[in-house]
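*Asks:* Right, I'll just put the structure down here and ask away after.
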Amino acid sequence: MRRYIRNKYTIWILSIMMLISLGCLVGIQIRYMNLMRSQTTDLTNLEGIEYKYHCAFITDSYDDPFWNSIYEGAKEEGVLQNVYIENYGQKLSLHYTIDEKMEMAIAASVDAIIIEGNDEVSTTNVIDKAIDQGITVVTIYQDQVQSKRRSFIGVNKFRMGYNLCAKAYESLENDDDEIMVLYDQKNEVNPENTILNSGIKKFLNDRSSNA
């Protein structure tokens, strides 16, 4: 009977986390493009509200504009689902790794964790640790394939590359203006970046054909 209740609870938490993750990633392209225009979104002060569930949102960089935009989307969706989404690391005076923040979230006995996936074995191990302790873990943007994570929510990198290039092209003012694409050197040949580049090239080809 206890196992049945626990499984039912896990499925319920997983369903909510999938909705939150999907909700924040559905608008990922629009939000990122808005950041390129330096737009900001006014947020409601949520202090004093009591939530049913506590979820940790963990990425490698808590102050990155891209991830902040995704966090705000998850936070807004969390309010609708009665889930408090905490940006782990934002209030800490020192920088901690994803694994360290995961350990903190596990120690805090959060109900669920939304985490930016990577290729590190250590992160896979700490995800498995969270799962073994009954904490639902959902990976976003990049999957942690070898882990026990409950679900992965990703984005269409081809479409993202196409749309980002289109948005950057709109900002050009002169005929000799150029668009520069920067990648982390260690991830430059990442298959996901290859797909992103394909989207960028597709836009440029379409633009040339219609010129």
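We label chains A, B, ... in the order they appear in the structure tokens, count residues from 1 in each chain, and number ligands from 1 in the order shown.
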What residues in range 63-202 of chain A get the DSSP label helix (DSSP H, G or I)? Please answer as a PDB file with C-alpha atoms, in the first residue's frame.

*Replies:*
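Okay, part.pdb is ready:
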```pdb
ATOM      1  CA  PRO A  65      20.103  36.242 -19.226  1.00  0.00           C
ATOM      2  CA  PHE A  66      19.126  33.223 -21.313  1.00  0.00           C
ATOM      3  CA  TRP A  67      18.540  30.962 -18.308  1.00  0.00           C
ATOM      4  CA  ASN A  68      16.974  33.761 -16.291  1.00  0.00           C
ATOM      5  CA  SER A  69      14.329  34.144 -18.991  1.00  0.00           C
ATOM      6  CA  ILE A  70      13.577  30.417 -18.822  1.00  0.00           C
ATOM      7  CA  TYR A  71      13.471  30.530 -15.030  1.00  0.00           C
ATOM      8  CA  GLU A  72      10.959  33.372 -15.058  1.00  0.00           C
ATOM      9  CA  GLY A  73       8.748  31.323 -17.395  1.00  0.00           C
ATOM     10  CA  ALA A  74       8.988  28.310 -15.079  1.00  0.00           C
ATOM     11  CA  LYS A  75       8.287  30.507 -12.060  1.00  0.00           C
ATOM     12  CA  GLU A  76       5.137  31.938 -13.631  1.00  0.00           C
ATOM     13  CA  GLU A  77       3.890  28.478 -14.585  1.00  0.00           C
ATOM     14  CA  GLY A  78       4.742  27.241 -11.080  1.00  0.00           C
ATOM     15  CA  VAL A  79       2.365  29.764  -9.549  1.00  0.00           C
ATOM     16  CA  LEU A  80      -0.465  28.285 -11.613  1.00  0.00           C
ATOM     17  CA  ILE A  98      25.579  22.157 -10.790  1.00  0.00           C
ATOM     18  CA  ASP A  99      26.505  19.082  -8.767  1.00  0.00           C
ATOM     19  CA  GLU A 100      26.996  21.127  -5.586  1.00  0.00           C
ATOM     20  CA  LYS A 101      23.658  22.883  -6.029  1.00  0.00           C
ATOM     21  CA  MET A 102      22.029  19.511  -6.662  1.00  0.00           C
ATOM     22  CA  GLU A 103      23.460  18.230  -3.372  1.00  0.00           C
ATOM     23  CA  MET A 104      22.069  21.303  -1.599  1.00  0.00           C
ATOM     24  CA  ALA A 105      18.636  20.740  -3.104  1.00  0.00           C
ATOM     25  CA  ILE A 106      18.694  17.084  -2.058  1.00  0.00           C
ATOM     26  CA  ALA A 107      19.717  18.063   1.479  1.00  0.00           C
ATOM     27  CA  VAL A 121      29.208  11.455 -15.056  1.00  0.00           C
ATOM     28  CA  SER A 122      29.209  13.196 -11.664  1.00  0.00           C
ATOM     29  CA  THR A 123      25.967  14.992 -12.560  1.00  0.00           C
ATOM     30  CA  THR A 124      24.413  11.708 -13.657  1.00  0.00           C
ATOM     31  CA  ASN A 125      25.311  10.210 -10.281  1.00  0.00           C
ATOM     32  CA  VAL A 126      23.813  13.067  -8.278  1.00  0.00           C
ATOM     33  CA  ILE A 127      20.619  12.946 -10.378  1.00  0.00           C
ATOM     34  CA  ASP A 128      20.351   9.246  -9.586  1.00  0.00           C
ATOM     35  CA  LYS A 129      20.883  10.057  -5.917  1.00  0.00           C
ATOM     36  CA  ALA A 130      17.981  12.505  -5.990  1.00  0.00           C
ATOM     37  CA  ILE A 131      15.729   9.977  -7.732  1.00  0.00           C
ATOM     38  CA  ASP A 132      16.640   7.294  -5.201  1.00  0.00           C
ATOM     39  CA  LYS A 157      17.692  23.483 -32.327  1.00  0.00           C
ATOM     40  CA  PHE A 158      17.188  23.823 -36.080  1.00  0.00           C
ATOM     41  CA  ARG A 159      14.176  26.113 -35.647  1.00  0.00           C
ATOM     42  CA  MET A 160      15.958  28.043 -32.895  1.00  0.00           C
ATOM     43  CA  GLY A 161      18.955  28.702 -35.168  1.00  0.00           C
ATOM     44  CA  TYR A 162      16.668  29.800 -37.981  1.00  0.00           C
ATOM     45  CA  ASN A 163      14.625  32.166 -35.796  1.00  0.00           C
ATOM     46  CA  LEU A 164      17.620  33.644 -33.967  1.00  0.00           C
ATOM     47  CA  CYS A 165      19.349  34.393 -37.264  1.00  0.00           C
ATOM     48  CA  ALA A 166      16.165  35.978 -38.585  1.00  0.00           C
ATOM     49  CA  LYS A 167      15.912  38.165 -35.504  1.00  0.00           C
ATOM     50  CA  ALA A 168      19.583  39.160 -35.688  1.00  0.00           C
ATOM     51  CA  TYR A 169      19.162  39.993 -39.375  1.00  0.00           C
ATOM     52  CA  GLU A 170      16.327  42.390 -38.541  1.00  0.00           C
ATOM     53  CA  GLN A 185      35.170  26.521 -27.476  1.00  0.00           C
ATOM     54  CA  LYS A 186      34.823  23.072 -25.901  1.00  0.00           C
ATOM     55  CA  ASN A 187      31.300  22.711 -27.322  1.00  0.00           C
ATOM     56  CA  PRO A 191      26.151  17.853 -32.550  1.00  0.00           C
ATOM     57  CA  GLU A 192      23.499  20.198 -31.151  1.00  0.00           C
ATOM     58  CA  ASN A 193      25.482  23.209 -32.355  1.00  0.00           C
ATOM     59  CA  THR A 194      25.744  21.566 -35.767  1.00  0.00           C
ATOM     60  CA  ILE A 195      21.943  21.443 -35.914  1.00  0.00           C
ATOM     61  CA  LEU A 196      21.785  25.066 -34.738  1.00  0.00           C
ATOM     62  CA  ASN A 197      24.178  26.054 -37.514  1.00  0.00           C
ATOM     63  CA  SER A 198      21.989  24.222 -40.030  1.00  0.00           C
ATOM     64  CA  GLY A 199      19.062  26.431 -39.018  1.00  0.00           C
ATOM     65  CA  ILE A 200      21.205  29.555 -39.402  1.00  0.00           C
ATOM     66  CA  LYS A 201      22.411  28.479 -42.856  1.00  0.00           C
ATOM     67  CA  LYS A 202      18.843  27.663 -43.887  1.00  0.00           C
TER      68      LYS A 202
END
```

*Asks:* Excluding same-chain residues fewer than 3 positions from Tyr53 in chain A, what lies within 7 Å of it counting only C-alpha atoms, as a ChimeraX atom specification?

*Replies:* /A:82-84,111

*Asks:* Would you mind exporting the chosen residues as a PDB file, in the first residue's frame, restricted to N, CA, C and O atoms?

*Replies:*
```pdb
ATOM      1  N   ASN A  82       0.730  25.739  -8.274  1.00  0.00           N
ATOM      2  CA  ASN A  82       0.934  25.734  -6.819  1.00  0.00           C
ATOM      3  C   ASN A  82       2.304  25.152  -6.442  1.00  0.00           C
ATOM      4  O   ASN A  82       2.448  24.406  -5.484  1.00  0.00           O
ATOM      5  N   VAL A  83       3.311  25.505  -7.239  1.00  0.00           N
ATOM      6  CA  VAL A  83       4.675  25.036  -7.009  1.00  0.00           C
ATOM      7  C   VAL A  83       5.609  26.241  -6.877  1.00  0.00           C
ATOM      8  O   VAL A  83       5.606  27.122  -7.735  1.00  0.00           O
ATOM      9  N   TYR A  84       6.406  26.275  -5.822  1.00  0.00           N
ATOM     10  CA  TYR A  84       7.393  27.337  -5.657  1.00  0.00           C
ATOM     11  C   TYR A  84       8.666  26.935  -6.394  1.00  0.00           C
ATOM     12  O   TYR A  84       9.315  25.944  -6.056  1.00  0.00           O
ATOM     13  N   ASP A 111      10.841  18.846  -3.424  1.00  0.00           N
ATOM     14  CA  ASP A 111       9.962  17.852  -4.047  1.00  0.00           C
ATOM     15  C   ASP A 111      10.419  17.485  -5.453  1.00  0.00           C
ATOM     16  O   ASP A 111      10.189  16.358  -5.912  1.00  0.00           O
TER      17      ASP A 111
END
```

*Asks:* Between A:Asp63, A:Asp175, A:Glu50, A:Glu116, single out the one closest to Val138 in chain A, counting only C-alpha atoms.

*Replies:*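 Ranked by minimum distance to Val138 in chain A, first place goes to A:Glu116.
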
*Asks:* Could you please determine the separation between CA of Arg207 in chain A and CA of Leu172 in chain A in Å, to one decimal place?

*Replies:*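 CA of Leu172 in chain A lies 13.7 Å from CA of Arg207 in chain A.
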